[in-house]
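Asker: The structure under discussion is supplied below as structure tokens; questions concerning it will follow.
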Amino acid sequence: MTCTSPTGGGSRREAIVLISWSPQGISPEQGAAHAAVYVALRNQLGGIDLFVEAMRQSDLEYNRLVRAART
């Protein structure tokens, strides 16, 4: 996902976002497998500005992502 957010000076900033979706209620084995794959993927990809680990739909709200991209 590419997230575009306004900056304080009126310009816009783009950030490349890697989103990891791991819903609540998965088995421990599924969680461990997901975590291992996510870490491996994260280590292989370059140019990612923001890493988001989501467990609920609210973790992916646009305004929340924009706030995170600003920091």
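How things are named: the first chain in the structure tokens is A, the next is B, and so on; residues count from 1 in each chain; ligands count from 1 in the order shown.
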Leaving out Met55 (chain A) and any residue of its chain fewer than 5 positions from it, which residues lie within 9 Å of it when counting only C-alpha atoms, given as a list in words?
Answerer: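 That gives Ser20, Trp21, Ser22, Pro23, Gln24 and Leu60 of chain A.
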Asker: Find the residues around Ala68 (chain A) up to 10 Å (only C-alpha atoms counted), leave out those fewer than 3 positions away in its own chain, and share them as number ranges by chain.
Answerer: A: 3, 5, 15, 50-52, 62-65, 71
Asker: Where in chain A does DSSP assign strand (DSSP E or B), given as a ChimeraX atom specification?
Answerer: /A:2-6,12-21,50-54
Asker: Could you pull out the residues in region 13-67 of chain A that DSSP calls helix (DSSP H, G or I) from the backbone, as a list of chain:residue names?
Answerer: A:Pro28, A:Glu29, A:Gln30, A:Gly31, A:Ala32, A:Ala33, A:His34, A:Ala35, A:Ala36, A:Val37, A:Tyr38, A:Val39, A:Ala40, A:Leu41, A:Arg42, A:Asn43, A:Gln44, A:Gln57, A:Ser58, A:Asp59, A:Leu60, A:Tyr62, A:Asn63, A:Arg64, A:Leu65, A:Val66, A:Arg67
Asker: For each of A:Glu61, A:Ser27, A:Ala69, A:Arg12, take the minimum atom-to-atom distance to Ile48 (chain A), counting only C-alpha atoms, then give the residue where this is smallest.
Answerer: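 Among the listed residues, the smallest separation from Ile48 (chain A) belongs to A:Ala69.
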Asker: One decimal, in Å: what's the spacing between CA of Gly46 (chain A) and CA of His34 (chain A)?
Answerer: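 Interatomic distance here is 19.7 Å.
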Asker: Pick from A:Gly25, A:Arg67, A:Ala33, A:Val39: nearest to Glu53 (chain A), with only C-alpha atoms counted?
Answerer: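 Using only C-alpha atoms, the shortest distance to Glu53 (chain A) belongs to A:Val39.
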Asker: To one decimal in Å, tell me the separation between CA of Asp49 (chain A) and CA of Gly31 (chain A).
Answerer: 24.0 Å
Asker: Interatomic distance between CA of Leu18 (chain A) and CA of Arg70 (chain A)?
Answerer: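 So the two atoms, CA of Leu18 (chain A) and CA of Arg70 (chain A), lie 15.2 Å apart.
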